[in-house]
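S.K.: My file is my_file-v4.cif. It has mmCIF, C-alpha atoms and all ligand atoms:
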data_coords
#
loop_
_atom_site.label_atom_id
_atom_site.label_comp_id
_atom_site.auth_asym_id
_atom_site.auth_seq_id
_atom_site.Cartn_x
_atom_site.Cartn_y
_atom_site.Cartn_z
CA MET Q 1 80.46 54.52 120.32
CA PHE Q 2 83.23 56.87 121.25
CA GLY Q 3 86.55 55.97 119.67
CA THR Q 4 85.04 54.19 116.67
CA ARG Q 5 84.05 57.24 114.65
CA PRO Q 6 86.08 57.76 111.48
CA LYS Q 7 88.44 60.70 111.43
CA LEU Q 8 87.02 63.80 109.77
CA VAL Q 9 88.38 64.20 106.24
CA LEU Q 10 87.19 66.88 103.85
CA TYR Q 11 86.19 65.46 100.47
CA VAL Q 12 85.51 67.57 97.41
CA ASP Q 13 84.64 65.73 94.24
CA GLY Q 14 86.20 62.56 95.54
CA VAL Q 15 89.62 64.01 96.38
CA ALA Q 16 90.41 64.92 99.95
CA LEU Q 17 91.32 68.56 100.28
CA VAL Q 18 94.20 67.62 102.51
CA THR Q 19 95.62 65.57 99.64
CA ARG Q 20 95.08 68.29 97.11
CA MET Q 21 96.80 70.81 99.33
CA ARG Q 22 99.85 68.60 99.93
CA GLY Q 23 102.97 70.69 99.42
CA PHE Q 24 101.23 73.89 100.50
CA GLY Q 25 102.81 74.01 103.93
CA THR Q 26 104.01 77.14 105.67
CA THR Q 27 104.76 79.72 103.02
CA VAL Q 28 108.41 80.35 102.32
CA PHE Q 29 107.80 84.02 103.18
CA ALA Q 30 106.73 83.18 106.72
CA GLU Q 31 109.60 80.67 106.94
CA MET Q 32 112.18 83.26 105.87
CA SER Q 33 110.74 85.89 108.24
CA ALA Q 34 110.98 83.42 111.11
CA LEU Q 35 114.58 82.70 110.07
CA ALA Q 36 115.36 86.44 110.09
CA GLU Q 37 113.83 86.79 113.54
CA ARG Q 38 115.69 83.77 114.93
CA THR Q 39 119.06 84.87 113.61
CA GLY Q 40 118.63 88.64 114.11
CA SER Q 41 119.17 89.16 110.36
CA ILE Q 42 117.98 92.07 108.26
CA ASN Q 43 114.77 90.87 106.65
CA LEU Q 44 114.66 91.80 102.97
CA GLY Q 45 112.55 88.71 102.34
CA GLN Q 46 108.86 89.15 103.12
CA GLY Q 47 107.31 92.29 101.62
CA PHE Q 48 106.16 94.44 104.50
CA PRO Q 49 107.31 98.01 105.15
CA ASP Q 50 109.17 98.99 108.31
CA GLN Q 51 107.40 102.35 108.55
CA ASP Q 52 103.78 103.19 109.21
CA GLY Q 53 101.49 104.45 106.48
CA PRO Q 54 99.89 107.92 106.29
CA ALA Q 55 98.90 109.34 109.70
CA GLU Q 56 95.45 110.44 108.51
CA VAL Q 57 94.64 106.85 107.48
CA LEU Q 58 95.80 105.43 110.81
CA GLU Q 59 93.88 108.15 112.69
CA ALA Q 60 90.73 107.38 110.73
CA ALA Q 61 90.92 103.75 111.92
CA VAL Q 62 91.38 104.84 115.54
CA ASP Q 63 88.43 107.24 115.19
CA ALA Q 64 86.30 104.48 113.67
CA ILE Q 65 87.04 102.17 116.61
CA ARG Q 66 86.28 104.96 119.10
CA SER Q 67 83.05 105.84 117.37
CA GLY Q 68 81.78 102.27 117.52
CA ALA Q 69 82.44 100.78 114.07
CA ASN Q 70 83.24 97.49 115.75
CA GLN Q 71 80.45 95.14 114.70
CA TYR Q 72 79.81 93.25 111.46
CA PRO Q 73 79.86 95.68 108.54
CA PRO Q 74 77.48 95.14 105.59
CA GLY Q 75 78.24 92.04 103.48
CA PRO Q 76 79.52 93.87 100.39
CA GLY Q 77 81.59 96.27 102.53
CA VAL Q 78 80.80 99.65 104.10
CA GLU Q 79 79.15 102.01 101.68
CA ASP Q 80 81.77 104.73 102.10
CA LEU Q 81 84.58 102.39 101.07
CA ARG Q 82 82.67 100.99 98.09
CA GLN Q 83 82.02 104.55 97.02
CA ALA Q 84 85.70 105.47 97.52
CA VAL Q 85 86.82 102.46 95.45
CA ALA Q 86 84.47 103.52 92.64
CA GLU Q 87 85.84 107.10 92.83
CA HIS Q 88 89.40 105.74 92.77
CA GLN Q 89 88.76 103.64 89.64
CA LYS Q 90 87.28 106.67 87.91
CA ARG Q 91 89.99 109.08 89.06
CA PHE Q 92 92.99 106.96 88.13
CA TYR Q 93 91.70 104.89 85.20
CA GLY Q 94 88.50 106.53 83.94
CA VAL Q 95 86.55 103.36 84.79
CA ASP Q 96 82.95 103.64 85.93
CA CYS Q 97 81.74 101.15 88.50
CA ASP Q 98 78.58 101.08 90.54
CA PRO Q 99 79.37 100.90 94.26
CA ASP Q 100 76.18 98.86 94.62
CA GLY Q 101 76.89 95.57 92.93
CA GLU Q 102 80.14 96.20 91.06
CA VAL Q 103 82.39 96.63 94.11
CA LEU Q 104 82.98 94.08 96.86
CA VAL Q 105 85.24 94.57 99.88
CA THR Q 106 87.28 91.47 100.76
CA ALA Q 107 89.73 90.26 103.40
CA GLY Q 108 92.71 91.45 101.38
CA ALA Q 109 93.42 90.75 97.74
CA THR Q 110 94.14 87.16 98.73
CA GLU Q 111 90.53 86.46 99.63
CA ALA Q 112 89.26 88.23 96.51
CA ILE Q 113 91.44 86.05 94.28
CA THR Q 114 90.71 82.81 96.12
CA ALA Q 115 86.97 83.51 96.18
CA ALA Q 116 87.03 84.35 92.45
CA VAL Q 117 88.76 81.06 91.62
CA LEU Q 118 86.41 79.08 93.86
CA ALA Q 119 83.39 80.88 92.43
CA LEU Q 120 84.19 80.49 88.75
CA CYS Q 121 86.21 77.28 88.41
CA GLU Q 122 85.06 73.68 88.69
CA PRO Q 123 87.17 70.64 89.45
CA GLY Q 124 89.06 70.01 86.22
CA SER Q 125 88.88 73.63 84.99
CA GLU Q 126 92.21 75.11 83.94
CA VAL Q 127 93.60 78.43 85.08
CA VAL Q 128 96.49 80.20 83.33
CA VAL Q 129 99.09 81.96 85.46
CA PHE Q 130 102.28 83.71 84.41
CA GLU Q 131 105.37 82.12 85.93
CA PRO Q 132 106.96 83.11 88.26
CA PHE Q 133 103.69 83.66 90.14
CA TYR Q 134 102.53 84.76 93.59
CA ASP Q 135 102.12 81.65 95.72
CA SER Q 136 98.48 82.08 96.73
CA TYR Q 137 97.32 81.53 93.12
CA ALA Q 138 98.52 77.94 93.10
CA ALA Q 139 96.84 77.27 96.45
CA ALA Q 140 93.53 78.82 95.33
CA ILE Q 141 93.57 76.77 92.13
CA ALA Q 142 94.30 73.59 94.11
CA LEU Q 143 91.50 74.39 96.57
CA ALA Q 144 89.07 74.63 93.66
CA GLY Q 145 90.28 71.28 92.28
CA ALA Q 146 91.30 73.12 89.11
CA GLN Q 147 94.56 72.71 87.17
CA ARG Q 148 97.27 75.34 86.84
CA ARG Q 149 98.76 76.09 83.41
CA ALA Q 150 101.90 78.19 83.75
CA VAL Q 151 103.09 80.49 80.98
CA PRO Q 152 106.73 81.47 81.48
CA LEU Q 153 107.89 85.07 81.57
CA GLN Q 154 111.34 85.18 80.02
CA PRO Q 155 114.23 86.62 82.04
CA PRO Q 156 116.06 88.92 82.17
CA ASP Q 157 113.27 91.37 81.22
CA TRP Q 158 110.45 88.91 81.97
CA SER Q 159 108.83 89.36 78.57
CA LEU Q 160 105.67 87.49 77.58
CA ASP Q 161 105.52 85.39 74.44
CA PRO Q 162 101.87 85.51 73.30
CA GLY Q 163 102.42 82.25 71.39
CA ARG Q 164 103.14 80.46 74.68
CA LEU Q 165 100.00 81.95 76.20
CA ARG Q 166 97.89 80.69 73.27
CA ALA Q 167 99.49 77.26 73.54
CA ALA Q 168 98.62 77.05 77.25
CA VAL Q 169 94.90 77.56 76.66
CA SER Q 170 92.71 74.47 76.15
CA PRO Q 171 88.95 73.94 75.94
CA ARG Q 172 89.00 73.45 79.71
CA THR Q 173 90.60 76.84 80.42
CA ARG Q 174 88.29 79.10 82.35
CA MET Q 175 90.45 81.88 83.70
CA VAL Q 176 93.68 83.84 83.38
CA ILE Q 177 95.22 85.37 86.51
CA LEU Q 178 97.36 88.38 85.70
CA ASN Q 179 99.48 90.20 88.27
CA SER Q 180 100.74 93.60 87.14
CA PRO Q 181 102.83 95.24 88.53
CA HIS Q 182 104.26 91.79 89.04
CA ASN Q 183 105.57 90.12 92.17
CA PRO Q 184 108.34 88.87 92.27
CA THR Q 185 109.90 90.42 89.13
CA GLY Q 186 108.75 94.06 89.40
CA LYS Q 187 107.62 93.88 85.77
CA VAL Q 188 104.85 96.22 84.65
CA PHE Q 189 103.04 94.59 81.72
CA SER Q 190 103.13 96.72 78.58
CA VAL Q 191 100.01 97.76 76.70
CA GLU Q 192 101.04 95.43 73.84
CA GLU Q 193 101.25 92.50 76.28
CA LEU Q 194 97.90 93.42 77.83
CA ASP Q 195 96.34 93.52 74.39
CA ALA Q 196 97.77 90.11 73.55
CA ILE Q 197 96.23 88.73 76.77
CA ALA Q 198 92.94 90.52 76.03
CA GLU Q 199 92.84 88.98 72.56
CA VAL Q 200 93.27 85.45 73.89
CA CYS Q 201 90.66 86.02 76.64
CA GLN Q 202 88.11 87.18 74.09
CA GLU Q 203 88.93 84.54 71.48
CA ARG Q 204 88.68 81.73 74.03
CA ASP Q 205 85.95 83.22 76.23
CA LEU Q 206 88.06 83.42 79.40
CA VAL Q 207 87.56 85.43 82.57
CA ALA Q 208 90.54 87.54 83.65
CA VAL Q 209 91.32 88.07 87.32
CA THR Q 210 93.85 90.87 87.70
CA ASP Q 211 95.88 91.29 90.86
CA GLU Q 212 96.80 94.99 90.96
CA VAL Q 213 97.92 95.35 94.57
CA TYR Q 214 101.05 97.23 93.45
CA GLU Q 215 99.10 99.59 91.17
CA HIS Q 216 100.50 102.71 92.86
CA LEU Q 217 104.08 101.45 93.17
CA VAL Q 218 105.22 102.14 89.62
CA PHE Q 219 108.46 103.96 88.80
CA ASP Q 220 108.95 103.55 85.07
CA GLY Q 221 106.06 103.58 82.64
CA GLN Q 222 102.45 103.40 83.70
CA HIS Q 223 100.11 100.88 85.24
CA VAL Q 224 97.25 100.10 82.87
CA PRO Q 225 94.44 97.89 84.20
CA LEU Q 226 93.53 95.05 81.83
CA ALA Q 227 89.85 95.96 82.34
CA THR Q 228 90.45 99.22 80.46
CA ARG Q 229 91.49 97.43 77.26
CA GLU Q 230 88.87 97.00 74.61
CA GLY Q 231 86.34 94.25 75.25
CA MET Q 232 87.76 93.38 78.67
CA ALA Q 233 85.50 95.28 81.11
CA GLU Q 234 82.78 92.66 80.85
CA ARG Q 235 85.09 89.71 81.54
CA THR Q 236 87.55 91.08 84.09
CA LEU Q 237 87.58 91.01 87.88
CA THR Q 238 89.99 93.72 89.02
CA VAL Q 239 91.48 93.10 92.45
CA SER Q 240 93.44 95.45 94.67
CA SER Q 241 94.19 96.09 98.31
CA ALA Q 242 95.10 98.71 100.88
CA ALA Q 243 98.11 96.68 102.03
CA LYS Q 244 100.86 97.99 99.77
CA THR Q 245 99.54 101.45 98.87
CA PHE Q 246 99.02 102.51 102.49
CA SER Q 247 101.63 100.29 104.20
CA VAL Q 248 98.97 98.43 106.19
CA THR Q 249 99.63 94.81 105.30
CA GLY Q 250 98.11 93.69 108.61
CA TRP Q 251 94.71 95.23 107.96
CA LYS Q 252 93.72 92.82 105.21
CA VAL Q 253 91.31 95.10 103.41
CA GLY Q 254 91.04 94.48 99.69
CA TRP Q 255 88.40 94.85 97.01
CA VAL Q 256 87.26 93.51 93.70
CA THR Q 257 85.48 95.44 90.97
CA GLY Q 258 83.88 94.23 87.77
CA PRO Q 259 80.57 93.33 86.18
CA ALA Q 260 77.81 92.71 88.73
CA GLY Q 261 77.38 89.04 87.73
CA LEU Q 262 81.05 88.20 88.34
CA VAL Q 263 81.34 90.31 91.50
CA GLY Q 264 78.13 88.69 92.80
CA ALA Q 265 79.66 85.24 92.27
CA VAL Q 266 82.71 86.25 94.31
CA ARG Q 267 80.43 87.63 97.02
CA THR Q 268 78.58 84.31 97.28
CA VAL Q 269 81.85 82.58 98.15
CA LYS Q 270 83.17 85.38 100.37
CA GLN Q 271 80.03 85.12 102.51
CA PHE Q 272 81.13 81.68 103.63
CA LEU Q 273 84.86 82.29 103.81
CA THR Q 274 84.99 85.34 106.06
CA TYR Q 275 81.45 86.81 105.68
CA VAL Q 276 82.79 90.31 106.40
CA ASN Q 277 86.08 91.81 107.58
CA GLY Q 278 87.90 94.80 109.04
CA ALA Q 279 84.93 97.03 110.03
CA PRO Q 280 86.96 99.93 111.49
CA PHE Q 281 89.63 99.69 108.82
CA GLN Q 282 87.18 100.10 105.97
CA PRO Q 283 86.39 103.81 106.54
CA ALA Q 284 90.11 104.42 107.08
CA VAL Q 285 90.94 102.86 103.71
CA ALA Q 286 88.19 105.01 102.16
CA ALA Q 287 90.02 108.07 103.55
CA GLY Q 288 93.27 106.75 102.11
CA LEU Q 289 91.84 106.25 98.63
CA ARG Q 290 90.71 109.89 98.70
CA LEU Q 291 94.18 111.26 99.57
CA PRO Q 292 95.49 113.82 97.09
CA ASP Q 293 97.59 112.84 94.06
CA SER Q 294 100.68 114.11 95.90
CA PHE Q 295 100.42 111.20 98.37
CA PHE Q 296 100.40 108.57 95.62
CA ALA Q 297 103.22 110.33 93.74
CA SER Q 298 105.42 110.69 96.81
CA THR Q 299 104.94 107.05 97.82
CA ALA Q 300 106.19 105.93 94.40
CA TRP Q 301 108.98 108.52 94.38
CA SER Q 302 110.29 107.46 97.79
CA LEU Q 303 110.26 103.80 96.79
CA ARG Q 304 111.94 104.56 93.50
CA GLU Q 305 114.84 106.11 95.38
CA ARG Q 306 115.13 103.02 97.58
CA ARG Q 307 114.88 100.76 94.53
CA ASP Q 308 117.89 102.56 93.05
CA GLN Q 309 119.75 102.33 96.35
CA LEU Q 310 119.21 98.57 96.70
CA CYS Q 311 119.85 97.79 93.02
CA ALA Q 312 123.14 99.74 93.08
CA GLY Q 313 124.14 97.97 96.31
CA LEU Q 314 123.33 94.54 94.89
CA VAL Q 315 125.37 95.22 91.77
CA ALA Q 316 128.26 96.47 93.92
CA ALA Q 317 128.02 93.23 95.92
CA GLY Q 318 128.36 91.19 92.71
CA PHE Q 319 124.75 90.28 91.86
CA ALA Q 320 123.20 90.88 88.43
CA VAL Q 321 119.85 92.68 88.63
CA HIS Q 322 117.11 93.58 86.22
CA VAL Q 323 115.90 96.94 87.56
CA PRO Q 324 112.17 96.59 88.38
CA ALA Q 325 109.66 99.08 86.91
CA GLY Q 326 107.23 98.62 89.81
CA THR Q 327 106.40 96.86 93.14
CA TYR Q 328 108.90 96.88 95.98
CA PHE Q 329 110.86 93.83 94.90
CA VAL Q 330 113.94 93.18 92.84
CA MET Q 331 115.12 89.83 91.52
CA ALA Q 332 118.86 89.38 91.86
CA ASP Q 333 120.89 86.76 90.03
CA THR Q 334 123.49 85.07 92.22
CA GLY Q 335 125.14 83.44 89.17
CA PRO Q 336 127.87 86.10 88.77
CA LEU Q 337 128.82 85.44 92.41
CA GLY Q 338 129.28 81.77 91.58
CA TYR Q 339 126.08 80.36 93.13
CA LEU Q 340 123.68 78.18 91.16
CA ASP Q 341 121.09 77.35 93.78
CA GLY Q 342 119.39 80.44 95.23
CA ALA Q 343 117.35 78.40 97.70
CA ALA Q 344 120.47 76.88 99.27
CA LEU Q 345 122.16 80.27 99.41
CA ALA Q 346 119.06 81.89 100.96
CA ARG Q 347 119.23 79.40 103.82
CA GLU Q 348 122.94 80.06 104.37
CA MET Q 349 122.72 83.84 104.14
CA PRO Q 350 121.68 84.62 107.74
CA GLU Q 351 124.79 82.83 108.97
CA ARG Q 352 127.12 84.15 106.29
CA CYS Q 353 126.02 87.77 106.11
CA GLY Q 354 123.02 88.43 108.36
CA VAL Q 355 120.56 89.22 105.54
CA VAL Q 356 117.44 87.31 104.53
CA ALA Q 357 116.00 87.16 101.00
CA VAL Q 358 113.37 84.91 99.42
CA PRO Q 359 114.48 82.22 96.96
CA ALA Q 360 112.76 82.80 93.62
CA ALA Q 361 112.06 79.07 93.46
CA ALA Q 362 109.04 79.78 95.70
CA PHE Q 363 107.35 81.42 92.73
CA TYR Q 364 107.76 78.50 90.34
CA SER Q 365 105.65 75.39 89.69
CA ASP Q 366 108.55 73.18 90.68
CA PRO Q 367 110.10 74.84 93.73
CA SER Q 368 112.76 72.10 93.88
CA ALA Q 369 114.23 73.06 90.49
CA PRO Q 370 117.32 75.13 91.30
CA THR Q 371 117.32 78.76 90.18
CA PRO Q 372 120.09 81.21 91.03
CA LEU Q 373 117.57 84.01 91.62
CA LEU Q 374 116.72 85.64 94.93
CA ARG Q 375 113.99 88.20 95.61
CA PHE Q 376 114.88 91.18 97.78
CA THR Q 377 112.46 93.86 98.99
CA PHE Q 378 113.34 97.53 99.21
CA CYS Q 379 110.34 98.66 101.32
CA LYS Q 380 112.73 99.33 104.22
CA GLN Q 381 114.34 102.50 105.52
CA ASN Q 382 117.47 103.84 103.77
CA ALA Q 383 119.72 103.04 106.73
CA VAL Q 384 118.49 99.42 106.81
CA LEU Q 385 119.14 99.03 103.08
CA ASP Q 386 122.60 100.57 103.47
CA GLU Q 387 123.52 98.13 106.20
CA ALA Q 388 122.08 95.20 104.21
CA VAL Q 389 124.16 95.95 101.10
CA ARG Q 390 127.24 96.42 103.25
CA ARG Q 391 126.70 92.94 104.72
CA LEU Q 392 125.95 91.37 101.33
CA GLN Q 393 129.55 92.14 100.29
CA ARG Q 394 130.50 89.18 102.47
CA LEU Q 395 129.01 86.77 99.93
CA ARG Q 396 131.89 87.26 97.51
CA ARG Q 397 134.07 84.16 97.49
C1 LIG Q 401 100.98 89.86 94.12
C2 LIG Q 401 100.34 89.90 95.46
N1 LIG Q 401 99.02 89.71 95.54
C3 LIG Q 401 98.39 89.72 96.74
C4 LIG Q 401 99.08 89.94 97.91
C5 LIG Q 401 98.37 89.92 99.21
O1 LIG Q 401 97.52 91.01 99.34
P1 LIG Q 401 96.60 91.14 100.63
O2 LIG Q 401 97.48 91.27 101.82
O3 LIG Q 401 95.77 92.32 100.35
O4 LIG Q 401 95.78 89.88 100.70
C6 LIG Q 401 100.46 90.15 97.86
C7 LIG Q 401 101.24 90.33 99.09
O5 LIG Q 401 102.43 90.20 99.14
C8 LIG Q 401 101.09 90.13 96.60
O6 LIG Q 401 102.42 90.31 96.50
#
Take the structure from the file and write it as C-alpha cells.
Ligand SMILES: Cc1ncc(COP(=O)(O)O)c(C=O)c1O

M.R.:
Amino acid sequence: MFGTRPKLVLYVDGVALVTRMRGFGTTVFAEMSALAERTGSINLGQGFPDQDGPAEVLEAAVDAIRSGANQYPPGPGVEDLRQAVAEHQKRFYGVDCDPDGEVLVTAGATEAITAAVLALCEPGSEVVVFEPFYDSYAAAIALAGAQRRAVPLQPPDWSLDPGRLRAAVSPRTRMVILNSPHNPTGKVFSVEELDAIAEVCQERDLVAVTDEVYEHLVFDGQHVPLATREGMAERTLTVSSAAKTFSVTGWKVGWVTGPAGLVGAVRTVKQFLTYVNGAPFQPAVAAGLRLPDSFFASTAWSLRERRDQLCAGLVAAGFAVHVPAGTYFVMADTGPLGYLDGAALAREMPERCGVVAVPAAAFYSDPSAPTPLLRFTFCKQNAVLDEAVRRLQRLRR
C-alpha cells in the first residue's frame, strides 16, 4: 500500500552509504566560493583561473560541437584523445602506453581516482594518503567502505618521513594515493621521496594511484611521475586532467594510464558512474596536449611570476609562507599575525578585508583541529592579486 513502503536507504556491506558519508557535506571550497560571491570578496580560495585557456583549445571544442561530436563517445574515450595522452606520456616522461587498453578518459581526475578506489578496494581495505590531502580522496575511500591511513607531511617544507609511511602500512593496506605536485602545499615530491614510496609499494605489494593534475605547473625542480621509478610501472595508475593545464576546470576531462589490467578495472567502475563524458571537449583536449613546449613553459612561467607576487604580498601583510615549488596554491601561516585558528579567521576575512582563502583544516583528517594555516591561490590576474594583498594588510592587529 502507498505510504507503508520503507524509505530507500543504500546499504553496502551492512553499512548505509549515507552513514558512511556523514561529514562529507558541501565541500569547504564551494562554501568559501559562495561566501566570496555573497560578500563581493576577492576569491583566492577555490582553485579556478580567472582567464580562459588557450584559444586553439577553446576553438577546437566549438568546432567539435559544430561538426556534430555531441553524442556518446566511445567508452574508453575518443581515440584521438587516447592517442594524444599516450603521445604526451612519451614526450614528457618517456613512458610508453598503448592507447587501446592502457589509457582511459574519465570525468576529470576526480572520477578516475574515485573509480580506482572503488575498483581496487574492498570494505575494510586500507588506503594510505599523505596529509594534508585533497578532500575527494577521503570521500572516495569512505564510499568504498575502506579505511584511510594518513601519513603526515611535516611543515614548513612538508617533508615525508619514510618511517611514518612504513608504520602506516598494515596487511590490510591495498593502495597509496600520492598527489604530486601537491595540493594544498605546492610541494613537488623529490626523487628520493618517490623512491621511498616505491620501495614500500613493492615490499608490501601495494597499488599506487598518482594524482598529477598539476604536472605542468612546476616552478622549481621537476615533476617526476612515480610510474617512471623502477618497478612501479606495473603497479601504478597515473591520473591527470585537462582542468589545470588548460584552465578548463569546468570541462571535467581527465584520464588514467597504467597497466591494462588496472585500467580495465577502473573502466568497469567508470561505466556505471558516468559511462562516458565530455564528447566535444575530448578532441579539444587532444589538441591541447599536442601544443608546443612553449605553451607548457609559458603557463608555468606566468604562474611562477604570480606565485612570487602573492608570496611577497603575503609576507608584507605579516603572514609566514613556505614558497611552493608547484601548483597554484600557497599555504600561509597566520601565526605571526597572532591568529591560531585559520578556519575562524577564514570566516571573518570577507568582513574584515574582503578576501577569501580556504582554511587548511579542510585538508586534514580532523577538520575541527585548529591550524593557523590558510591556503591561497595565485591563479588570478596580477591586478586581482595586487588588490588582494593590499586588502590583506588590514588583518594586522
Ligand atoms: C589535487 C587535485 N586533484 C584533483 C582535482 C580535480 O580534478 P578534476 O577537476 O579534473 O576532477 C583537483 C582540483 O582542484 C585537485 O586539486

S.K.: Would you please work out which residue, of Q:Met32, Q:Ala112, Q:Val200, Q:Ala55, is nearest to Gly163 in chain Q when using all atoms listed in the file?

M.R.: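 Closest candidate: Q:Val200.
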
S.K.: List all protein, DNA and RNA residues that have any atom at most 6 Å from ligand LIG 401 (chain Q), counting all atoms listed in the file, and write the list as number ranges by chain.

M.R.: Q: 47, 108-110, 134, 183, 211, 213, 241, 243, 249, 252, 254

S.K.: Could you give me, as a VMD selection string, the residues within 7 Å of range 376-386 of chain Q, counting only C-alpha atoms and dropping anything in the same chain fewer than 4 positions from it?

M.R.: chain Q and resid 44 to 45 47 to 50 303 306 to 307 310 328 to 331 357 to 358 390

S.K.: Need the shell around Glu59 in chain Q: protein/DNA/RNA residues with any atom at most 12 Å away, counting all atoms listed in the file. Skip same-chain ones fewer than 3 positions apart. Format as a list in words?

M.R.: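 Close residues of Glu59 in chain Q: Asp52, Gly53, Pro54, Ala55, Glu56, Val62, Asp63, Ala64, Ile65, Arg66, Pro280, Phe281, Pro283, Ala284, Val285, Ala287 and Gly288 of chain Q.
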
S.K.: Can I get the selection written as a PDB file, in the frame of the given file, with C-alpha atoms?

M.R.:
ATOM      1  CA  ASP Q  52     103.780 103.190 109.210  1.00  0.00           C
ATOM      2  CA  GLY Q  53     101.490 104.450 106.480  1.00  0.00           C
ATOM      3  CA  PRO Q  54      99.890 107.920 106.290  1.00  0.00           C
ATOM      4  CA  ALA Q  55      98.900 109.340 109.700  1.00  0.00           C
ATOM      5  CA  GLU Q  56      95.450 110.440 108.510  1.00  0.00           C
ATOM      6  CA  VAL Q  62      91.380 104.840 115.540  1.00  0.00           C
ATOM      7  CA  ASP Q  63      88.430 107.240 115.190  1.00  0.00           C
ATOM      8  CA  ALA Q  64      86.300 104.480 113.670  1.00  0.00           C
ATOM      9  CA  ILE Q  65      87.040 102.170 116.610  1.00  0.00           C
ATOM     10  CA  ARG Q  66      86.280 104.960 119.100  1.00  0.00           C
ATOM     11  CA  PRO Q 280      86.960  99.930 111.490  1.00  0.00           C
ATOM     12  CA  PHE Q 281      89.630  99.690 108.820  1.00  0.00           C
ATOM     13  CA  PRO Q 283      86.390 103.810 106.540  1.00  0.00           C
ATOM     14  CA  ALA Q 284      90.110 104.420 107.080  1.00  0.00           C
ATOM     15  CA  VAL Q 285      90.940 102.860 103.710  1.00  0.00           C
ATOM     16  CA  ALA Q 287      90.020 108.070 103.550  1.00  0.00           C
ATOM     17  CA  GLY Q 288      93.270 106.750 102.110  1.00  0.00           C
TER      18      GLY Q 288
END

S.K.: Would you kindly return, as an MDAnalysis selection string, each protein, DNA or RNA residue with an atom no farther than 8 Å from any atom of Ala150 in chain Q, considering all atoms listed in the file and excluding same-chain residues fewer than 4 positions away?

M.R.: chainID Q and resid 128:131 168 365

S.K.: Can you list every residue of range 197-296 of chain Q that has an atom at most 8 Å from range 171-179 of chain Q, with its nearest atom pair and the distance in Å to one decimal, using only C-alpha atoms, ordered by chain then number, as a Markdown table?

M.R.:
| residue | atom | partner | partner_atom | distance |
| --- | --- | --- | --- | --- |
| Q:Cys201 | CA | Q:Val176 | CA | 7.7 |
| Q:Asp205 | CA | Q:Arg174 | CA | 7.7 |
| Q:Leu206 | CA | Q:Met175 | CA | 5.2 |
| Q:Val207 | CA | Q:Met175 | CA | 4.7 |
| Q:Ala208 | CA | Q:Val176 | CA | 4.9 |
| Q:Val209 | CA | Q:Ile177 | CA | 4.8 |
| Q:Thr210 | CA | Q:Leu178 | CA | 4.7 |
| Q:Asp211 | CA | Q:Asn179 | CA | 4.6 |
| Q:Glu212 | CA | Q:Asn179 | CA | 6.1 |

S.K.: Check the smallest atom-to-atom distance from each of Q:Ala107, Q:Ala227, Q:Val78, Q:Val57 to Val95 in chain Q using only C-alpha atoms, then report the winner.

M.R.: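 Closest to Val95 in chain Q, using only C-alpha atoms: Q:Ala227.
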
S.K.: Within 7 Å of (88.5, 69.7, 86.6) (file coordinates; only C-alpha atoms), which protein or nucleic acid residues are there? I'd like them as a list in words.

M.R.: Glu122, Pro123, Gly124, Ser125, Gly145, Ala146 and Gln147 of chain Q

S.K.: Emit the selected residues as a PDB file, keeping the file's coordinate frame, including C-alpha atoms.

M.R.:
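The resulting file, part-v3.pdb, is shown below:
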ATOM      1  CA  GLU Q 122      85.060  73.680  88.690  1.00  0.00           C
ATOM      2  CA  PRO Q 123      87.170  70.640  89.450  1.00  0.00           C
ATOM      3  CA  GLY Q 124      89.060  70.010  86.220  1.00  0.00           C
ATOM      4  CA  SER Q 125      88.880  73.630  84.990  1.00  0.00           C
ATOM      5  CA  GLY Q 145      90.280  71.280  92.280  1.00  0.00           C
ATOM      6  CA  ALA Q 146      91.300  73.120  89.110  1.00  0.00           C
ATOM      7  CA  GLN Q 147      94.560  72.710  87.170  1.00  0.00           C
TER       8      GLN Q 147
END

S.K.: In Å to one decimal, how far is CA of Gly318 in chain Q from CA of Pro336 in chain Q?

M.R.: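 Going from CA of Pro336 in chain Q over to CA of Gly318 in chain Q, I get 6.5 Å.
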
S.K.: Would you work out the distance separating CA of Val356 in chain Q from CA of Leu395 in chain Q, expressed in Å to one decimal?

M.R.: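 Between these atoms lies a distance of 12.5 Å.
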
S.K.: Could you please determine the separation between CA of Pro259 in chain Q and CA of Gln71 in chain Q in Å, to one decimal place?

M.R.: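 Separating CA of Pro259 in chain Q from CA of Gln71 in chain Q is a distance of 28.6 Å.
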
S.K.: Between Q:Arg164, Q:His216, Q:Lys244, Q:Arg394, which one has atoms that come closest to Ser294 in chain Q, using only C-alpha atoms?

M.R.: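 Closest to Ser294 in chain Q, using only C-alpha atoms: Q:His216.
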
S.K.: Taking 5 positions as the minimum chain separation for residues in the same chain, which residues sit within 8 Å of Ala265 in chain Q when counting only C-alpha atoms? Answer as number ranges by chain.

M.R.: Q: 116, 119-120

S.K.: Using only C-alpha atoms, which residues sit within 8 Å of Thr327 in chain Q once same-chain residues fewer than 6 positions away are excluded, as a ChimeraX atom specification?

M.R.: /Q:181-183,186,214,217-218

S.K.: Take the residues just selected and output them with C-alpha atoms as a compact mmCIF listing (two decimals), in the frame of the given file.

M.R.:
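Result saved to result-v5.txt:
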# COMPACT_ATOMS: atom_id res chain seq x y z
CA PRO Q 181 102.83 95.24 88.53
CA HIS Q 182 104.26 91.79 89.04
CA ASN Q 183 105.57 90.12 92.17
CA GLY Q 186 108.75 94.06 89.40
CA TYR Q 214 101.05 97.23 93.45
CA LEU Q 217 104.08 101.45 93.17
CA VAL Q 218 105.22 102.14 89.62

S.K.: To box range 318-323 of chain Q, take all atoms listed in the file, fit an axis-aligned box, add 4 Å on each side, and give centre and edge lengths in Å to one decimal, as lines of an AutoDock Vina configuration file.

M.R.:
center_x = 122.1
center_y = 93.6
center_z = 89.5
size_x = 20.5
size_y = 14.7
size_z = 14.5

S.K.: With all atoms listed in the file as the atoms that count, which of Q:Asp366, Q:Asp220, Q:Glu351, Q:Glu192 lies nearest to Leu392 in chain Q?

M.R.: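 Under the stated criterion, the closest residue is Q:Glu351.
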
S.K.: Identify which of the residues Q:Ser247, Q:Arg91, Q:Val323, Q:Cys311 lies closest to Asp293 in chain Q, counting all atoms listed in the file when measuring atom-to-atom distances.

M.R.: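 Closest to Asp293 in chain Q, using all atoms listed in the file: Q:Arg91.
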
S.K.: Step by step: start from the point (90.5, 94.7, 86.3) in the file's coordinates, keep every protein, DNA or RNA residue that has an atom no farther than 7 Å from it, count all atoms listed in the file, and write the set as a ChimeraX atom specification.

M.R.: /Q:209-210,225-227,236-239,257-258
